[in-house]
Every structure is written in structure tokens, then in C-alpha cells.
file coords-v8.cif (mmCIF, C-alpha atoms)
data_target
#
loop_
_atom_site.label_atom_id
_atom_site.label_comp_id
_atom_site.auth_asym_id
_atom_site.auth_seq_id
_atom_site.Cartn_x
_atom_site.Cartn_y
_atom_site.Cartn_z
CA MET P 1 -97.47 -69.80 56.43
CA ASN P 2 -97.49 -67.49 53.38
CA PRO P 3 -98.92 -64.45 55.22
CA THR P 4 -101.03 -61.90 53.38
CA LEU P 5 -100.50 -59.28 56.08
CA PRO P 6 -97.20 -57.86 57.33
CA LEU P 7 -95.57 -60.06 59.95
CA THR P 8 -95.54 -58.93 63.56
CA ALA P 9 -92.74 -59.66 65.97
CA GLY P 10 -94.80 -62.43 67.53
CA SER P 11 -95.30 -64.29 64.26
CA LEU P 12 -91.77 -63.84 62.93
CA THR P 13 -90.29 -66.91 64.62
CA ALA P 14 -93.09 -69.11 63.28
CA ALA P 15 -92.61 -67.70 59.79
CA ALA P 16 -88.86 -68.31 59.98
CA LEU P 17 -89.49 -71.92 61.00
CA ASP P 18 -91.92 -72.35 58.09
CA ALA P 19 -89.27 -70.94 55.77
CA ALA P 20 -86.68 -73.37 57.16
CA ALA P 21 -89.09 -76.29 56.68
CA ALA P 22 -89.63 -75.22 53.05
CA VAL P 23 -85.86 -75.19 52.51
CA ALA P 24 -85.56 -78.67 54.04
CA ARG P 25 -88.22 -80.02 51.66
CA LEU P 26 -86.62 -78.64 48.50
CA LEU P 27 -82.94 -78.98 49.35
CA PRO P 28 -81.21 -81.42 46.97
CA SER P 29 -80.25 -84.19 49.37
CA THR P 30 -80.03 -87.99 49.35
CA ALA P 31 -81.83 -88.10 52.72
CA PRO P 32 -85.05 -86.36 53.83
CA LEU P 33 -84.29 -83.42 56.10
CA THR P 34 -86.25 -81.79 58.88
CA ALA P 35 -85.74 -78.27 60.22
CA SER P 36 -85.45 -77.29 63.85
CA PRO P 37 -83.91 -74.33 65.72
CA ALA P 38 -80.17 -74.79 66.07
CA PRO P 39 -79.08 -75.93 69.54
CA ALA P 40 -77.42 -73.33 71.72
CA GLY P 41 -73.83 -72.82 70.64
CA ALA P 42 -74.20 -74.88 67.45
CA ARG P 43 -72.93 -73.10 64.35
CA PRO P 44 -71.85 -74.11 60.85
CA GLY P 45 -68.13 -74.39 60.20
CA PRO P 46 -66.53 -70.99 59.52
CA ASP P 47 -64.96 -72.29 56.30
CA ASP P 48 -68.20 -73.80 54.95
CA VAL P 49 -69.56 -72.25 51.76
CA ALA P 50 -72.83 -70.38 52.19
CA VAL P 51 -75.31 -69.37 49.51
CA VAL P 52 -76.69 -65.91 50.32
CA ALA P 53 -79.62 -64.00 48.82
CA SER P 54 -81.65 -60.94 49.79
CA PHE P 55 -85.43 -60.78 49.77
CA VAL P 56 -87.32 -57.48 49.51
CA GLY P 57 -91.04 -57.41 50.20
CA SER P 58 -93.53 -56.94 53.02
CA VAL P 59 -90.76 -58.54 55.08
CA SER P 60 -87.20 -57.82 53.90
CA ALA P 61 -84.65 -60.38 54.94
CA ASP P 62 -81.28 -61.96 54.21
CA LEU P 63 -81.43 -65.71 53.60
CA VAL P 64 -78.50 -68.10 53.97
CA ILE P 65 -78.25 -71.81 53.12
CA ILE P 66 -75.16 -73.81 54.04
CA ALA P 67 -75.54 -77.20 52.42
CA GLU P 68 -72.45 -77.95 50.40
CA GLU P 69 -72.13 -81.49 51.78
CA ALA P 70 -75.86 -82.19 51.50
CA VAL P 71 -76.00 -81.32 47.81
CA ARG P 72 -72.56 -82.56 46.78
CA GLU P 73 -73.86 -85.89 45.48
CA ALA P 74 -76.69 -84.18 43.59
CA LEU P 75 -74.23 -81.79 41.97
CA LEU P 76 -71.86 -84.62 41.06
CA ALA P 77 -74.73 -86.56 39.51
CA ALA P 78 -75.70 -83.51 37.43
CA ALA P 79 -72.10 -83.06 36.32
CA ASP P 80 -71.87 -86.74 35.32
CA ALA P 81 -75.01 -86.26 33.23
CA GLY P 82 -73.32 -83.45 31.35
CA ALA P 83 -75.28 -80.64 33.04
CA PRO P 84 -73.01 -79.05 35.67
CA VAL P 85 -74.94 -76.90 38.13
CA ALA P 86 -73.49 -74.13 40.28
CA LEU P 87 -74.18 -74.37 44.01
CA ALA P 88 -76.18 -71.12 44.02
CA ASP P 89 -78.35 -72.33 41.12
CA ALA P 90 -78.94 -75.70 42.78
CA LEU P 91 -80.23 -74.00 45.93
CA ARG P 92 -82.35 -71.37 44.16
CA PRO P 93 -85.62 -73.39 44.37
CA ALA P 94 -85.12 -73.84 48.11
CA LEU P 95 -84.54 -70.11 48.55
CA GLU P 96 -87.67 -69.29 46.56
CA ALA P 97 -89.70 -71.70 48.69
CA ALA P 98 -88.45 -69.98 51.83
CA CYS P 99 -89.41 -66.57 50.45
CA ALA P 100 -92.91 -67.81 49.64
CA GLU P 101 -93.44 -68.22 53.39
CA LEU P 102 -92.58 -64.55 53.97
CA GLY P 103 -95.15 -63.15 51.56
CA ALA P 104 -94.95 -61.29 48.26
CA GLY P 105 -91.63 -59.80 47.24
CA VAL P 106 -88.56 -60.12 45.05
CA LEU P 107 -85.63 -62.46 45.60
CA ASP P 108 -82.26 -61.15 44.40
CA ALA P 109 -79.67 -63.26 42.65
CA ALA P 110 -77.82 -65.59 45.01
CA SER P 111 -74.09 -65.52 45.65
CA THR P 112 -71.63 -67.51 47.75
CA ALA P 113 -69.67 -66.40 50.80
CA PRO P 114 -67.86 -67.98 53.78
CA ALA P 115 -70.30 -69.09 56.45
CA SER P 116 -68.45 -67.03 59.07
CA GLN P 117 -69.39 -63.87 57.16
CA ALA P 118 -72.82 -64.92 55.95
CA VAL P 119 -74.53 -65.90 59.21
CA ALA P 120 -75.17 -62.84 61.37
CA SER P 121 -75.24 -63.16 65.14
CA ASP P 122 -78.88 -61.98 65.25
CA ALA P 123 -80.12 -64.33 62.53
CA HIS P 124 -82.63 -67.11 63.13
CA LEU P 125 -80.48 -70.23 62.65
CA PHE P 126 -81.93 -73.67 61.91
CA ALA P 127 -80.31 -77.08 61.62
CA LEU P 128 -81.49 -79.25 58.73
CA ALA P 129 -80.98 -82.80 59.97
CA HIS P 130 -81.68 -86.44 59.21
CA GLU P 131 -81.96 -88.88 62.10
CA GLY P 132 -80.29 -86.43 64.45
CA VAL P 133 -77.35 -85.66 62.17
CA THR P 134 -77.11 -82.11 60.80
CA HIS P 135 -76.55 -82.09 57.04
CA ALA P 136 -77.20 -78.40 56.33
CA TRP P 137 -78.05 -75.05 57.90
CA PHE P 138 -80.53 -72.29 57.14
CA ALA P 139 -80.37 -68.76 58.52
CA LEU P 140 -82.85 -65.91 58.15
CA ARG P 141 -82.18 -62.37 59.29
CA VAL P 142 -84.94 -59.78 59.09
CA ARG P 143 -83.48 -56.38 58.29
CA ALA P 144 -86.00 -54.39 60.32
CA GLU P 145 -88.01 -55.99 63.09
CA PRO P 146 -91.72 -55.72 62.22
CA VAL P 147 -93.75 -53.32 64.33
CA PRO P 148 -97.12 -54.55 65.63
CA ALA P 149 -99.95 -52.74 63.86
CA ARG P 150 -101.48 -51.57 67.15
CA GLU P 151 -98.28 -49.63 67.96
CA ALA P 152 -97.59 -48.23 64.53
CA GLY P 153 -100.58 -45.93 64.21
CA VAL P 154 -100.64 -46.51 60.43
CA PRO P 155 -100.69 -49.71 58.38
CA THR P 156 -97.29 -51.38 58.82
CA GLN P 157 -96.92 -52.10 55.09
CA ARG P 158 -96.33 -48.36 54.64
CA ALA P 159 -93.49 -48.21 57.18
CA GLY P 160 -90.80 -48.94 54.59
CA LEU P 161 -92.12 -46.47 52.02
CA HIS P 162 -90.51 -43.36 53.49
CA VAL P 163 -87.90 -43.39 50.72
CA LEU P 164 -90.73 -42.76 48.25
CA TYR P 165 -92.36 -39.89 50.11
CA ASP P 166 -90.98 -37.24 47.73
CA VAL P 167 -92.02 -39.07 44.54
CA GLU P 168 -94.80 -37.17 42.77
CA MET P 169 -97.88 -39.10 41.65
CA THR P 170 -100.89 -38.03 39.60
CA LEU P 171 -104.09 -37.78 41.63
CA THR P 172 -107.41 -37.41 39.80
CA ALA P 173 -111.03 -37.17 40.88
CA GLU P 174 -113.62 -38.97 38.77
CA LEU P 175 -117.29 -37.96 38.92
CA GLY P 176 -118.49 -40.78 36.69
CA ARG P 177 -118.15 -42.48 33.34
CA THR P 178 -120.14 -43.17 30.21
CA ARG P 179 -119.62 -45.02 26.94
CA LEU P 180 -120.34 -43.45 23.55
CA PRO P 181 -119.92 -44.69 19.99
CA VAL P 182 -117.43 -42.76 17.90
CA ARG P 183 -120.27 -41.16 15.92
CA GLN P 184 -121.71 -39.49 19.03
CA VAL P 185 -118.27 -38.39 20.22
CA LEU P 186 -117.70 -36.63 16.90
CA GLU P 187 -121.09 -34.93 17.19
CA LEU P 188 -120.32 -33.34 20.59
CA THR P 189 -120.75 -29.55 20.65
CA PRO P 190 -120.56 -26.88 23.34
CA GLY P 191 -123.64 -27.18 25.53
CA ALA P 192 -124.06 -30.93 25.02
CA VAL P 193 -124.95 -32.84 28.20
CA LEU P 194 -123.39 -36.22 28.94
CA GLU P 195 -125.22 -38.57 31.28
CA LEU P 196 -122.77 -40.33 33.64
CA ASP P 197 -123.17 -43.62 35.49
CA ARG P 198 -123.57 -41.87 38.88
CA THR P 199 -126.65 -40.49 40.55
CA ALA P 200 -126.74 -36.96 41.93
CA GLY P 201 -124.95 -36.78 45.29
CA SER P 202 -122.85 -39.90 44.73
CA PRO P 203 -119.24 -39.62 45.94
CA ALA P 204 -116.44 -39.01 43.47
CA ASP P 205 -113.63 -41.54 43.06
CA VAL P 206 -110.12 -40.40 43.99
CA MET P 207 -107.51 -42.16 41.86
CA VAL P 208 -103.70 -42.28 42.09
CA ASN P 209 -102.07 -43.28 38.82
CA GLY P 210 -105.37 -44.84 37.80
CA ARG P 211 -105.86 -46.82 41.03
CA LEU P 212 -108.80 -46.17 43.33
CA ILE P 213 -107.67 -45.14 46.82
CA ALA P 214 -110.56 -43.11 48.25
CA ARG P 215 -113.98 -41.55 47.69
CA GLY P 216 -115.18 -38.09 48.59
CA GLU P 217 -117.55 -35.24 47.97
CA VAL P 218 -116.95 -32.27 45.69
CA VAL P 219 -116.45 -28.96 47.50
CA VAL P 220 -115.44 -25.43 46.49
CA VAL P 221 -112.34 -23.93 48.13
CA ASP P 222 -111.46 -20.32 47.27
CA GLU P 223 -113.41 -20.58 44.01
CA GLU P 224 -111.62 -23.78 43.06
CA TYR P 225 -112.97 -27.30 43.17
CA GLY P 226 -111.72 -29.72 45.78
CA ILE P 227 -112.53 -33.15 47.19
CA ARG P 228 -113.37 -33.78 50.83
CA ILE P 229 -112.36 -37.39 51.56
CA THR P 230 -115.18 -39.39 53.11
CA GLN P 231 -113.88 -42.96 52.66
CA ILE P 232 -110.49 -44.65 52.31
CA VAL P 233 -110.78 -47.69 50.07
CA ALA P 234 -109.14 -50.74 51.65
CA GLY P 235 -108.46 -54.26 50.45
CA SER P 236 -107.85 -55.33 46.86
CA ASP P 237 -109.51 -52.20 45.44
CA GLY P 238 -107.23 -49.69 47.18
CA LEU P 239 -103.88 -49.06 48.82
CA ALA P 240 -104.84 -49.18 52.48
#
call {"tool": "encode", "arguments": {"input": "coords-v8.cif", "output": "C-alpha cells"}}
result
Amino acid sequence: MNPTLPLTAGSLTAAALDAAAAVARLLPSTAPLTASPAPAGARPGPDDVAVVASFVGSVSADLVIIAEEAVREALLAAADAGAPVALADALRPALEAACAELGAGVLDAASTAPASQAVASDAHLFALAHEGVTHAWFALRVRAEPVPAREAGVPTQRAGLHVLYDVEMTLTAELGRTRLPVRQVLELTPGAVLELDRTAGSPADVMVNGRLIARGEVVVVDEEYGIRITQIVAGSDGLA
């Protein structure tokens, strides 16, 4: 799925299934596995070993893979070849593939835990099976249920940024630019006029930490210059 926009509640189940299918494809196993929602009441054994990792991005989630039996032969083969691999390391590619279906973000280091503690009751649980026999499990729990954009009132990708609201950033207004050789820069004197790459009346660029976020017109407020915002820049050129 690999969404470029924040997931909504309606698309979350489909994204979780895509993530489970990605895990099934990359899980070290002697048999090809397919992912499907776990049947009602079906759960991994409480004493099974789970590999757990947290993903932080447009969708933040906890990911769990329980596949000790499925990867046992692969791990034994690696050990026989003189390259022992920890369970968490062996499942790392599968975890990364699952995260790719959730969008951009950062996957934390994986750790192990008992399955009874790792799989939350509200997690999306999937059985990874071959010919009807479950060989592994995958669980995905979204930490905060996405809010549909039509109900949020603001872009949903900003919903998790409240912890940054008090962080100060440098905002600058740019009227235009020009390029000069060093010789002309050294010859600048008071009264010199520099021709910029903007025509008269063109909007000024509003930048945050060097990134364009808006455009506006120059105004005077109480004998000080200001910028009246006329356009919010969206897409790859801005933050919106």
C-alpha cells in the first residue's frame, strides 16, 4: 500500500493486511506463507517468543512477529554455517517491509518478549499460514487511531506535533534574490541599488528554517514591516 498520505480509520485495516503480507513474504521460512486475519479466538501460545519493535511516523504503531518455529531451521542453518543470527536480527527485514506499508518513519531496534505480553487485545492479529497450518503470527497495534481529514479541521499529519508547539523556529521573509561576483560585492556602497529576481508587486516568500511554507504581501504595522499571508504552499515545496 505504501501510503503517501496519513491513514484514515477506513484504510487502516487494509494497510495492516498489506503489512502482514509483507511480513509473510520476507519471513525466513522453509514454506511460503500467506497472511490472513486470525480466526476468532485464535491466539499465539502465551509462552511463545515474540519479536517486538516500535514504528514512529505518519502512523505510529507497535509491531509484533511470533515466528520462532518458522525461522528455527533458518537460524540453525546460519549457525551451522558459522554465522549465528539472533531472532530479532533475523526478523528485522520482515519488520522493515511491514513498516514500508505504513509510510515514512523510523523503526526502533527490535527486542524479544513473551507473546502474552507483546500482543495487545486491541491489536490487528494475523495468522501466517501454509496450506491451512499456522506457522507464525503478526500483530500491529496503532497507538492513536487516525482521524479522518474531514473531521480534523487541519491536516492530520500535524495532529501528533503538539509536543513541538513550544519549539521556536526562525521565520524569514524573502523579497527576492540576485547573484553577484565577489568583485561587485566588494564594491557595494551606501546608496547602491541591487536588482532582484522579482517584479514589483510580486509576493514575498515566507521561510521557516530555510523552507518555503507560504507567500504574502509586505505591509506596515505600527511603523514596522509585516507580511500578510496570501498563500500557503502545499505539496513537496511546503509543509502543508
call {"tool": "residues_around", "arguments": {"input": "coords-v8.cif", "residues": "Thr30 in chain P", "least_positions_apart": "3", "cutoff": "10 Å", "atoms": "all atoms listed in the file", "output": "short mmCIF file (atom, residue, chain, number, x, y, z; two decimals) with C-alpha atoms, in the coordinates of the input"}}
result
data_model
loop_
_atom_site.label_atom_id
_atom_site.label_comp_id
_atom_site.auth_asym_id
_atom_site.auth_seq_id
_atom_site.Cartn_x
_atom_site.Cartn_y
_atom_site.Cartn_z
CA LEU P 27 -82.94 -78.98 49.35
CA LEU P 33 -84.29 -83.42 56.10
CA ALA P 70 -75.86 -82.19 51.50
CA VAL P 71 -76.00 -81.32 47.81
CA ARG P 72 -72.56 -82.56 46.78
CA GLU P 73 -73.86 -85.89 45.48
CA ALA P 74 -76.69 -84.18 43.59
#
call {"tool": "resolve_selection", "arguments": {"input": "coords-v8.cif", "expression": "the PyMOL selection byres ((chain P and resi 86-92) around 9)", "output": "VMD selection string"}}
result
chain P and resid 23 26 to 28 50 to 52 65 67 to 68 71 to 72 74 to 75 84 to 85 93 to 97 109 to 112
call {"tool": "write_last_selection", "arguments": {"input": "coords-v8.cif", "atoms": "C-alpha atoms", "output": "short mmCIF file (atom, residue, chain, number, x, y, z; two decimals), keeping the file's coordinate frame"}}
result
data_model
loop_
_atom_site.label_atom_id
_atom_site.label_comp_id
_atom_site.auth_asym_id
_atom_site.auth_seq_id
_atom_site.Cartn_x
_atom_site.Cartn_y
_atom_site.Cartn_z
CA VAL P 23 -85.86 -75.19 52.51
CA LEU P 26 -86.62 -78.64 48.50
CA LEU P 27 -82.94 -78.98 49.35
CA PRO P 28 -81.21 -81.42 46.97
CA ALA P 50 -72.83 -70.38 52.19
CA VAL P 51 -75.31 -69.37 49.51
CA VAL P 52 -76.69 -65.91 50.32
CA ILE P 65 -78.25 -71.81 53.12
CA ALA P 67 -75.54 -77.20 52.42
CA GLU P 68 -72.45 -77.95 50.40
CA VAL P 71 -76.00 -81.32 47.81
CA ARG P 72 -72.56 -82.56 46.78
CA ALA P 74 -76.69 -84.18 43.59
CA LEU P 75 -74.23 -81.79 41.97
CA PRO P 84 -73.01 -79.05 35.67
CA VAL P 85 -74.94 -76.90 38.13
CA PRO P 93 -85.62 -73.39 44.37
CA ALA P 94 -85.12 -73.84 48.11
CA LEU P 95 -84.54 -70.11 48.55
CA GLU P 96 -87.67 -69.29 46.56
CA ALA P 97 -89.70 -71.70 48.69
CA ALA P 109 -79.67 -63.26 42.65
CA ALA P 110 -77.82 -65.59 45.01
CA SER P 111 -74.09 -65.52 45.65
CA THR P 112 -71.63 -67.51 47.75
#
call {"tool": "resolve_selection", "arguments": {"input": "coords-v8.cif", "expression": "the PyMOL selection byres ((chain P and resi 206-221) around 9)", "output": "list in words"}}
result
Met169, Thr170, Leu171, Thr172, Ala173, Glu174, Leu175, Gly201, Ser202, Pro203, Ala204, Asp205, Asp222, Glu223, Glu224, Tyr225, Gly226, Ile227, Arg228, Ile229, Thr230, Gln231, Ile232, Val233, Ala234, Asp237, Gly238, Leu239 and Ala240 of chain P
call {"tool": "atom_distance", "arguments": {"input": "coords-v8.cif", "atom1": "CA of Ala200 in chain P", "atom2": "CA of Gln184 in chain P"}}
result
23.6 Å
call {"tool": "resolve_selection", "arguments": {"input": "coords-v8.cif", "expression": "the PyMOL selection byres ((chain P and resi 143) around 12)", "output": "list in words"}}
result
Ser54, Phe55, Val56, Gly57, Ser58, Val59, Ser60, Ala61, Asp62, Leu63, Ala120, Asp122, Ala123, His124, Leu140, Arg141, Val142, Ala144, Glu145, Pro146 and Gly160 of chain P
call {"tool": "write_last_selection", "arguments": {"input": "coords-v8.cif", "atoms": "C-alpha atoms", "output": "compact mmCIF listing (two decimals), keeping the file's coordinate frame"}}
result
# COMPACT_ATOMS: atom_id res chain seq x y z
CA SER P 54 -81.65 -60.94 49.79
CA PHE P 55 -85.43 -60.78 49.77
CA VAL P 56 -87.32 -57.48 49.51
CA GLY P 57 -91.04 -57.41 50.20
CA SER P 58 -93.53 -56.94 53.02
CA VAL P 59 -90.76 -58.54 55.08
CA SER P 60 -87.20 -57.82 53.90
CA ALA P 61 -84.65 -60.38 54.94
CA ASP P 62 -81.28 -61.96 54.21
CA LEU P 63 -81.43 -65.71 53.60
CA ALA P 120 -75.17 -62.84 61.37
CA ASP P 122 -78.88 -61.98 65.25
CA ALA P 123 -80.12 -64.33 62.53
CA HIS P 124 -82.63 -67.11 63.13
CA LEU P 140 -82.85 -65.91 58.15
CA ARG P 141 -82.18 -62.37 59.29
CA VAL P 142 -84.94 -59.78 59.09
CA ALA P 144 -86.00 -54.39 60.32
CA GLU P 145 -88.01 -55.99 63.09
CA PRO P 146 -91.72 -55.72 62.22
CA GLY P 160 -90.80 -48.94 54.59
call {"tool": "closest_residue", "arguments": {"input": "coords-v8.cif", "among": "P:Ala118, P:Leu194, P:Val106, P:Ala42", "to": "Ile66 in chain P", "atoms": "only C-alpha atoms"}}
result
P:Ala118
call {"tool": "residues_around", "arguments": {"input": "coords-v8.cif", "residues": "Ala40 in chain P", "least_positions_apart": "6", "cutoff": "12 Å", "atoms": "all atoms listed in the file", "output": "mmCIF file with C-alpha atoms, keeping the file's coordinate frame"}}
result
data_model
loop_
_atom_site.group_PDB
_atom_site.id
_atom_site.type_symbol
_atom_site.label_atom_id
_atom_site.label_comp_id
_atom_site.auth_asym_id
_atom_site.auth_seq_id
_atom_site.Cartn_x
_atom_site.Cartn_y
_atom_site.Cartn_z
ATOM 1 C CA HIS P 124 -82.630 -67.110 63.130
ATOM 2 C CA LEU P 125 -80.480 -70.230 62.650
ATOM 3 C CA PHE P 126 -81.930 -73.670 61.910
ATOM 4 C CA ALA P 127 -80.310 -77.080 61.620
#
call {"tool": "closest_residue", "arguments": {"input": "coords-v8.cif", "among": "P:Leu102, P:Ala53, P:Ser36, P:Val182", "to": "Ala15 in chain P", "atoms": "all atoms listed in the file"}}
result
P:Leu102
call {"tool": "closest_residue", "arguments": {"input": "coords-v8.cif", "among": "P:Glu69, P:Ala22, P:Ser29, P:Arg177", "to": "Asp197 in chain P", "atoms": "only C-alpha atoms"}}
result
P:Arg177
call {"tool": "atom_distance", "arguments": {"input": "coords-v8.cif", "atom1": "CA of His130 in chain P", "atom2": "CA of Pro46 in chain P"}}
result
21.6 Å
